[in-house]
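**Q** What follows is query_23.cif; its format and atoms are mmCIF, C-alpha atoms, pLDDT in the B column; chains and numbers go by the auth columns.
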```
data_entry
#
loop_
_atom_site.group_PDB
_atom_site.id
_atom_site.type_symbol
_atom_site.label_atom_id
_atom_site.label_comp_id
_atom_site.label_asym_id
_atom_site.label_seq_id
_atom_site.Cartn_x
_atom_site.Cartn_y
_atom_site.Cartn_z
_atom_site.B_iso_or_equiv
_atom_site.auth_seq_id
_atom_site.auth_asym_id
ATOM 1 C CA MET A 1 21.740 7.295 2.464 48.00 1 A
ATOM 2 C CA ALA A 2 22.157 3.808 3.827 50.00 2 A
ATOM 3 C CA SER A 3 20.044 1.081 2.298 59.00 3 A
ATOM 4 C CA GLY A 4 17.047 0.031 4.380 66.00 4 A
ATOM 5 C CA GLN A 5 16.364 3.389 6.036 76.00 5 A
ATOM 6 C CA SER A 6 12.865 4.858 5.967 88.00 6 A
ATOM 7 C CA VAL A 7 12.516 7.490 3.272 95.00 7 A
ATOM 8 C CA VAL A 8 8.766 8.113 3.175 96.00 8 A
ATOM 9 C CA GLN A 9 6.545 9.914 5.645 96.00 9 A
ATOM 10 C CA VAL A 10 2.844 9.067 5.438 96.00 10 A
ATOM 11 C CA LEU A 11 0.942 12.349 5.733 96.00 11 A
ATOM 12 C CA ASP A 12 -2.608 11.050 5.433 96.00 12 A
ATOM 13 C CA VAL A 13 -4.588 7.923 4.613 95.00 13 A
ATOM 14 C CA GLN A 14 -7.528 8.374 2.280 95.00 14 A
ATOM 15 C CA ILE A 15 -10.209 5.972 1.124 95.00 15 A
ATOM 16 C CA PRO A 16 -10.980 6.494 -2.590 94.00 16 A
ATOM 17 C CA ALA A 17 -14.450 7.715 -3.538 89.00 17 A
ATOM 18 C CA ALA A 18 -15.173 4.431 -5.339 94.00 18 A
ATOM 19 C CA ASN A 19 -13.990 0.890 -4.585 97.00 19 A
ATOM 20 C CA GLY A 20 -12.305 1.877 -1.335 98.00 20 A
ATOM 21 C CA ALA A 21 -11.252 -0.634 1.286 98.00 21 A
ATOM 22 C CA ALA A 22 -13.393 -0.511 4.431 97.00 22 A
ATOM 23 C CA LEU A 23 -11.935 1.239 7.479 96.00 23 A
ATOM 24 C CA THR A 24 -12.567 -0.958 10.497 96.00 24 A
ATOM 25 C CA ALA A 25 -10.880 -2.376 13.598 96.00 25 A
ATOM 26 C CA ARG A 26 -9.790 -5.782 14.834 94.00 26 A
ATOM 27 C CA ALA A 27 -9.903 -6.510 18.555 92.00 27 A
ATOM 28 C CA GLY A 28 -6.875 -8.059 20.204 90.00 28 A
ATOM 29 C CA GLY A 29 -6.956 -10.893 22.723 91.00 29 A
ATOM 30 C CA SER A 30 -5.531 -9.052 25.760 94.00 30 A
ATOM 31 C CA THR A 31 -7.449 -7.559 28.669 95.00 31 A
ATOM 32 C CA PRO A 32 -8.270 -4.840 27.965 95.00 32 A
ATOM 33 C CA ALA A 33 -8.313 -5.762 24.271 92.00 33 A
ATOM 34 C CA GLU A 34 -6.085 -3.904 21.839 93.00 34 A
ATOM 35 C CA ARG A 35 -7.853 -2.181 18.975 93.00 35 A
ATOM 36 C CA LEU A 36 -5.963 -2.509 15.709 93.00 36 A
ATOM 37 C CA ILE A 37 -7.197 -0.157 12.977 95.00 37 A
ATOM 38 C CA ILE A 38 -7.239 -1.980 9.635 97.00 38 A
ATOM 39 C CA TYR A 39 -8.374 -1.546 6.049 98.00 39 A
ATOM 40 C CA ALA A 40 -10.480 -4.512 4.900 98.00 40 A
ATOM 41 C CA PHE A 41 -10.131 -5.510 1.234 98.00 41 A
ATOM 42 C CA ASP A 42 -12.939 -7.711 -0.087 97.00 42 A
ATOM 43 C CA ALA A 43 -12.331 -11.038 -1.856 97.00 43 A
ATOM 44 C CA ALA A 44 -14.942 -10.347 -4.548 95.00 44 A
ATOM 45 C CA ALA A 45 -13.750 -7.000 -5.967 95.00 45 A
ATOM 46 C CA ILE A 46 -10.640 -4.911 -6.572 98.00 46 A
ATOM 47 C CA GLU A 47 -10.422 -2.373 -3.730 98.00 47 A
ATOM 48 C CA TYR A 48 -7.994 0.446 -2.964 98.00 48 A
ATOM 49 C CA ILE A 49 -6.522 2.665 -0.254 98.00 49 A
ATOM 50 C CA ASP A 50 -4.496 5.832 -0.870 97.00 50 A
ATOM 51 C CA PHE A 51 -1.571 7.069 1.207 97.00 51 A
ATOM 52 C CA LYS A 52 -0.596 10.721 0.756 97.00 52 A
ATOM 53 C CA CYS A 53 3.165 10.602 1.278 97.00 53 A
ATOM 54 C CA LEU A 54 6.282 12.744 1.300 97.00 54 A
ATOM 55 C CA LEU A 55 9.554 11.384 -0.094 97.00 55 A
ATOM 56 C CA LEU A 56 11.971 12.622 2.560 97.00 56 A
ATOM 57 C CA PRO A 57 15.101 14.671 1.832 95.00 57 A
ATOM 58 C CA ASN A 58 17.268 11.743 3.028 94.00 58 A
ATOM 59 C CA TYR A 59 16.205 9.755 -0.071 96.00 59 A
ATOM 60 C CA GLY A 60 19.403 8.929 -1.951 94.00 60 A
ATOM 61 C CA GLY A 61 18.023 8.117 -5.401 94.00 61 A
ATOM 62 C CA GLY A 62 17.738 4.329 -5.138 95.00 62 A
ATOM 63 C CA GLY A 63 14.829 1.972 -5.480 96.00 63 A
ATOM 64 C CA LEU A 64 11.966 1.690 -2.994 97.00 64 A
ATOM 65 C CA THR A 65 10.677 -1.332 -1.085 97.00 65 A
ATOM 66 C CA MET A 66 7.132 -0.986 0.249 97.00 66 A
ATOM 67 C CA SER A 67 6.085 -3.247 3.121 97.00 67 A
ATOM 68 C CA LEU A 68 2.390 -4.128 3.318 98.00 68 A
ATOM 69 C CA PRO A 69 1.690 -5.992 6.581 98.00 69 A
ATOM 70 C CA TRP A 70 -1.692 -7.717 6.518 98.00 70 A
ATOM 71 C CA ILE A 71 -3.903 -10.279 8.247 97.00 71 A
ATOM 72 C CA ALA A 72 -6.433 -12.664 6.717 97.00 72 A
ATOM 73 C CA ALA A 73 -9.812 -12.005 8.328 96.00 73 A
ATOM 74 C CA THR A 74 -10.733 -15.689 8.425 96.00 74 A
ATOM 75 C CA ALA A 75 -8.616 -17.631 5.910 95.00 75 A
ATOM 76 C CA THR A 76 -5.602 -19.775 6.786 95.00 76 A
ATOM 77 C CA SER A 77 -4.693 -20.631 3.198 97.00 77 A
ATOM 78 C CA GLY A 78 -4.835 -19.152 -0.259 98.00 78 A
ATOM 79 C CA VAL A 79 -3.007 -16.318 -1.956 98.00 79 A
ATOM 80 C CA CYS A 80 -3.716 -12.613 -1.795 98.00 80 A
ATOM 81 C CA ARG A 81 -2.504 -10.429 -4.703 98.00 81 A
ATOM 82 C CA TRP A 82 -1.348 -6.985 -3.557 98.00 82 A
ATOM 83 C CA GLY A 83 -0.287 -4.123 -5.793 98.00 83 A
ATOM 84 C CA ALA A 84 1.130 -0.655 -5.227 98.00 84 A
ATOM 85 C CA ALA A 85 1.586 2.337 -7.528 98.00 85 A
ATOM 86 C CA VAL A 86 2.874 5.895 -7.213 98.00 86 A
ATOM 87 C CA ARG A 87 1.307 9.130 -8.497 97.00 87 A
ATOM 88 C CA ARG A 88 3.932 11.851 -8.208 96.00 88 A
ATOM 89 C CA LEU A 89 2.585 15.295 -7.297 96.00 89 A
ATOM 90 C CA ASP A 90 5.420 17.358 -8.710 90.00 90 A
ATOM 91 C CA ASP A 91 5.592 21.145 -8.529 89.00 91 A
ATOM 92 C CA ASP A 92 3.477 23.031 -11.085 89.00 92 A
ATOM 93 C CA VAL A 93 3.088 19.940 -13.293 91.00 93 A
ATOM 94 C CA GLU A 94 0.638 17.320 -11.972 89.00 94 A
ATOM 95 C CA ASP A 95 -3.022 18.405 -12.162 91.00 95 A
ATOM 96 C CA ILE A 96 -4.821 16.450 -9.445 87.00 96 A
ATOM 97 C CA ASP A 97 -8.126 17.086 -11.286 91.00 97 A
ATOM 98 C CA ALA A 98 -6.857 15.221 -14.357 92.00 98 A
ATOM 99 C CA ALA A 99 -7.095 11.445 -14.740 91.00 99 A
ATOM 100 C CA HIS A 100 -3.971 9.446 -13.953 91.00 100 A
ATOM 101 C CA THR A 101 -3.149 5.870 -14.899 93.00 101 A
ATOM 102 C CA TYR A 102 -1.624 4.003 -11.978 95.00 102 A
ATOM 103 C CA ASP A 103 1.013 1.451 -13.007 96.00 103 A
ATOM 104 C CA TYR A 104 1.047 -1.265 -10.345 98.00 104 A
ATOM 105 C CA ASN A 105 3.860 -3.468 -9.180 98.00 105 A
ATOM 106 C CA ASP A 106 2.335 -6.639 -7.743 98.00 106 A
ATOM 107 C CA VAL A 107 3.202 -9.343 -5.252 98.00 107 A
ATOM 108 C CA ASP A 108 1.402 -12.596 -4.421 98.00 108 A
ATOM 109 C CA ASP A 109 1.450 -13.507 -0.739 98.00 109 A
ATOM 110 C CA THR A 110 0.118 -16.611 0.993 98.00 110 A
ATOM 111 C CA ALA A 111 -2.136 -16.184 4.007 97.00 111 A
ATOM 112 C CA ALA A 112 -0.536 -16.881 7.373 97.00 112 A
ATOM 113 C CA SER A 113 -1.235 -20.234 9.026 96.00 113 A
ATOM 114 C CA ALA A 114 -3.751 -18.691 11.470 96.00 114 A
ATOM 115 C CA SER A 115 -6.201 -15.820 11.188 92.00 115 A
ATOM 116 C CA GLY A 116 -4.769 -13.046 13.321 92.00 116 A
ATOM 117 C CA GLU A 117 -1.164 -13.695 12.297 96.00 117 A
ATOM 118 C CA LEU A 118 0.615 -11.071 10.200 97.00 118 A
ATOM 119 C CA SER A 119 2.289 -11.535 6.859 97.00 119 A
ATOM 120 C CA TYR A 120 4.797 -8.965 5.548 98.00 120 A
ATOM 121 C CA PRO A 121 4.968 -8.962 1.723 98.00 121 A
ATOM 122 C CA THR A 122 7.013 -6.324 -0.068 98.00 122 A
ATOM 123 C CA VAL A 123 6.549 -4.552 -3.381 98.00 123 A
ATOM 124 C CA THR A 124 9.683 -3.159 -5.018 97.00 124 A
ATOM 125 C CA PHE A 125 10.198 -0.212 -7.345 98.00 125 A
ATOM 126 C CA THR A 126 13.297 0.758 -9.275 97.00 126 A
ATOM 127 C CA ASN A 127 14.284 4.420 -9.346 96.00 127 A
ATOM 128 C CA GLY A 128 12.757 6.438 -12.202 95.00 128 A
ATOM 129 C CA ALA A 129 9.642 5.749 -14.243 95.00 129 A
ATOM 130 C CA ASP A 130 8.782 2.624 -12.209 97.00 130 A
ATOM 131 C CA MET A 131 7.930 4.971 -9.298 96.00 131 A
ATOM 132 C CA ASP A 132 6.598 7.829 -11.498 95.00 132 A
ATOM 133 C CA SER A 133 9.994 9.615 -11.176 96.00 133 A
ATOM 134 C CA TRP A 134 9.126 10.610 -7.595 96.00 134 A
ATOM 135 C CA SER A 135 11.856 12.889 -6.188 95.00 135 A
ATOM 136 C CA ALA A 136 13.036 13.786 -2.684 96.00 136 A
ATOM 137 C CA GLY A 137 10.962 16.567 -1.131 96.00 137 A
ATOM 138 C CA GLU A 138 7.876 15.823 -3.236 97.00 138 A
ATOM 139 C CA MET A 139 4.471 14.478 -2.288 97.00 139 A
ATOM 140 C CA ALA A 140 2.804 11.560 -4.017 97.00 140 A
ATOM 141 C CA ILE A 141 -0.244 9.381 -3.713 97.00 141 A
ATOM 142 C CA VAL A 142 0.779 5.785 -3.094 98.00 142 A
ATOM 143 C CA ARG A 143 -2.196 3.647 -4.027 98.00 143 A
ATOM 144 C CA VAL A 144 -2.434 0.097 -2.656 98.00 144 A
ATOM 145 C CA ARG A 145 -4.898 -2.452 -3.985 98.00 145 A
ATOM 146 C CA ARG A 146 -5.965 -6.007 -3.514 98.00 146 A
ATOM 147 C CA ASN A 147 -6.506 -7.407 -6.977 98.00 147 A
ATOM 148 C CA ALA A 148 -9.131 -9.967 -6.001 97.00 148 A
ATOM 149 C CA SER A 149 -10.139 -10.402 -9.656 96.00 149 A
ATOM 150 C CA HIS A 150 -6.692 -11.725 -10.627 97.00 150 A
ATOM 151 C CA ALA A 151 -6.379 -15.477 -11.168 98.00 151 A
ATOM 152 C CA ASN A 152 -3.546 -15.654 -8.598 98.00 152 A
ATOM 153 C CA ASP A 153 -5.779 -14.255 -5.805 98.00 153 A
ATOM 154 C CA THR A 154 -7.290 -17.433 -4.370 98.00 154 A
ATOM 155 C CA MET A 155 -7.881 -16.426 -0.743 98.00 155 A
ATOM 156 C CA ALA A 156 -11.455 -16.360 0.517 97.00 156 A
ATOM 157 C CA GLY A 157 -12.575 -13.549 2.808 97.00 157 A
ATOM 158 C CA ASP A 158 -11.194 -10.131 3.579 98.00 158 A
ATOM 159 C CA ALA A 159 -7.517 -9.224 3.563 98.00 159 A
ATOM 160 C CA GLN A 160 -6.895 -6.707 6.365 98.00 160 A
ATOM 161 C CA LEU A 161 -4.093 -4.230 5.655 98.00 161 A
ATOM 162 C CA VAL A 162 -2.507 -3.116 8.935 96.00 162 A
ATOM 163 C CA GLY A 163 -0.092 -0.461 7.741 93.00 163 A
ATOM 164 C CA PHE A 164 2.425 0.650 5.215 92.00 164 A
ATOM 165 C CA TRP A 165 6.053 1.813 5.179 94.00 165 A
ATOM 166 C CA VAL A 166 8.777 2.378 2.620 95.00 166 A
ATOM 167 C CA ASN A 167 12.546 1.855 2.747 95.00 167 A
ATOM 168 C CA GLU A 168 15.173 2.731 0.207 95.00 168 A
ATOM 169 C CA THR A 169 16.875 -0.305 -1.339 91.00 169 A
#
```
Take the structure in the file and write it out as structure tokens.
**A**
Amino acid sequence: MASGQSVVQVLDVQIPAANGAALTARAGGSTPAERLIIYAFDAAAIEYIDFKCLLLPNYGGGGLTMSLPWIAATATSGVCRWGAAVRRLDDDVEDIDAAHTYDYNDVDDTAASASGELSYPTVTFTNGADMDSWSAGEMAIVRVRRNASHANDTMAGDAQLVGFWVNET
């Protein structure tokens, strides 16, 4: 598998039962206006979104780089702290009814110079325990959070997650 190729298929996006990011839309400036579906993460609390994903058979056993494109709702400065974690759903082992501790890899990203402009931070995982030993052909829950309670998160207002994709690195 060549580095940089997509290795994850997003099967579903789910908002957690508690502390979930708000599903909403942002209108574009064209006529007629585009409608960009986003997940709004508050500046006053840690909020989450879950992606049910499949690690594709073309995964070659390397690390993963997750791209988290986002827009600041109103801010043009400050830092947003993003984190991502993997919960592997391996065959006949992982009980979805049992509690799981998510181990996050974090990245601090500065808001773009204008509200409405995208920023593309990445979160990296090394192969193995860092990504819950997720294997090709298996499903996992990839949980993304804005850690607004962290000292490094200084951005006022919502952070609007636009999407999510993963490449092998």
**Q** Mind pulling up the distance from atom CA of Ile141 of chain A to atom CA of Phe41 of chain A?
**A** 18.5 Å
**Q** Output the residue selection produced by the PyMOL selection byres ((chain A and resi 13) around 12) on the file above, formatted as a list of chain:residue names.
**A**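 Those residues are A:Gln9, A:Val10, A:Leu11, A:Asp12, A:Gln14, A:Ile15, A:Pro16, A:Gly20, A:Ala21, A:Leu23, A:Ile37, A:Ile38, A:Tyr39, A:Tyr48, A:Ile49, A:Asp50, A:Phe51, A:Lys52, A:Cys53, A:Ala140, A:Ile141, A:Val142, A:Arg143, A:Val144, A:Gly163, A:Phe164.
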**Q** If you measure from atom CA of Thr126 of chain A to atom CA of Ala151 of chain A, what distance in Å do you get, rounded to one decimal?
**A** 25.6 Å
**Q** What lies within 10 Å of Ser135 of chain A using all atoms listed in the file, ignoring chain neighbours under 4 positions off, as a list in words?
**A** Leu54, Leu55, Leu56, Pro57, Tyr59, Gly60, Gly61, Arg88, Leu89, Asp90, Asn127, Gly128, Met131, Met139 and Ala140 of chain A
**Q** Residues as selected, C-alpha atoms, written as a PDB file, in the frame of the given file, can you do that?
**A**
```pdb
ATOM      1  CA  LEU A  54       6.282  12.744   1.300  1.00 97.00           C
ATOM      2  CA  LEU A  55       9.554  11.384  -0.094  1.00 97.00           C
ATOM      3  CA  LEU A  56      11.971  12.622   2.560  1.00 97.00           C
ATOM      4  CA  PRO A  57      15.101  14.671   1.832  1.00 95.00           C
ATOM      5  CA  TYR A  59      16.205   9.755  -0.071  1.00 96.00           C
ATOM      6  CA  GLY A  60      19.403   8.929  -1.951  1.00 94.00           C
ATOM      7  CA  GLY A  61      18.023   8.117  -5.401  1.00 94.00           C
ATOM      8  CA  ARG A  88       3.932  11.851  -8.208  1.00 96.00           C
ATOM      9  CA  LEU A  89       2.585  15.295  -7.297  1.00 96.00           C
ATOM     10  CA  ASP A  90       5.420  17.358  -8.710  1.00 90.00           C
ATOM     11  CA  ASN A 127      14.284   4.420  -9.346  1.00 96.00           C
ATOM     12  CA  GLY A 128      12.757   6.438 -12.202  1.00 95.00           C
ATOM     13  CA  MET A 131       7.930   4.971  -9.298  1.00 96.00           C
ATOM     14  CA  MET A 139       4.471  14.478  -2.288  1.00 97.00           C
ATOM     15  CA  ALA A 140       2.804  11.560  -4.017  1.00 97.00           C
TER      16      ALA A 140
END
```
**Q** The PyMOL selection byres ((chain A and resi 63-66) around 6) - which residues does that actually catch in the file I just gave you? List them as a tab-separated table (two decimals) with C-alpha atoms, in the coordinates of the input.
**A**
```
chain	number	residue	atom	x	y	z
A	62	GLY	CA	17.74	4.33	-5.14
A	67	SER	CA	6.08	-3.25	3.12
A	122	THR	CA	7.01	-6.32	-0.07
A	123	VAL	CA	6.55	-4.55	-3.38
A	124	THR	CA	9.68	-3.16	-5.02
A	125	PHE	CA	10.20	-0.21	-7.34
A	126	THR	CA	13.30	0.76	-9.28
A	127	ASN	CA	14.28	4.42	-9.35
A	165	TRP	CA	6.05	1.81	5.18
A	166	VAL	CA	8.78	2.38	2.62
A	167	ASN	CA	12.55	1.86	2.75
A	168	GLU	CA	15.17	2.73	0.21
A	169	THR	CA	16.88	-0.30	-1.34
```
**Q** What does the distance between atom CA of Ala40 of chain A and atom CA of Ala99 of chain A come to in Å, to one decimal place?
**A**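 Separation between atom CA of Ala40 of chain A and atom CA of Ala99 of chain A: 25.5 Å.
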**Q** Using only C-alpha atoms, can you list as a ChimeraX atom specification the residues within 7 Å of (-1.7, -24.3, 7.0)?
**A** /A:76-77,113
**Q** Report, as lines of an AutoDock Vina configuration file, the centre and edge lengths in Å (one decimal) of the axis-aligned box enclosing every listed atom of segment 40-53 of chain A, padded by 4 Å on each side.
**A**
```
center_x = -5.9
center_y = -0.2
center_z = -0.8
size_x = 26.1
size_y = 29.8
size_z = 19.5
```
**Q** Within 8 Å of Trp82 of chain A, counting all atoms listed in the file, which residues show up once you throw out same-chain ones fewer than 2 positions away? Write them as a list of chain:residue names, please.
**A**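 With the cut-off at 8 Å, the set is A:Cys80, A:Ala84, A:Asp106, A:Val107, A:Asp108, A:Asp109, A:Val144, A:Arg145, A:Arg146, A:Asn147.
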**Q** Could you write those residues out with C-alpha atoms, as a compact mmCIF listing (two decimals), keeping the file's coordinate frame?
**A**
```
# COMPACT_ATOMS: atom_id res chain seq x y z
CA CYS A 80 -3.72 -12.61 -1.80
CA ALA A 84 1.13 -0.66 -5.23
CA ASP A 106 2.34 -6.64 -7.74
CA VAL A 107 3.20 -9.34 -5.25
CA ASP A 108 1.40 -12.60 -4.42
CA ASP A 109 1.45 -13.51 -0.74
CA VAL A 144 -2.43 0.10 -2.66
CA ARG A 145 -4.90 -2.45 -3.98
CA ARG A 146 -5.96 -6.01 -3.51
CA ASN A 147 -6.51 -7.41 -6.98
```
**Q** Name the residues that the PyMOL selection byres ((chain A and resi 117) around 12) picks from the file above, as a list of chain:residue names, using the file's chain letters and numbers.
**A**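 For this structure, the PyMOL selection byres ((chain A and resi 117) around 12) captures A:Arg26, A:Gly28, A:Pro69, A:Trp70, A:Ile71, A:Ala72, A:Ala73, A:Thr74, A:Ala75, A:Thr76, A:Ser77, A:Thr110, A:Ala111, A:Ala112, A:Ser113, A:Ala114, A:Ser115, A:Gly116, A:Leu118, A:Ser119, A:Tyr120, A:Ala159, A:Gln160, A:Leu161, A:Val162.
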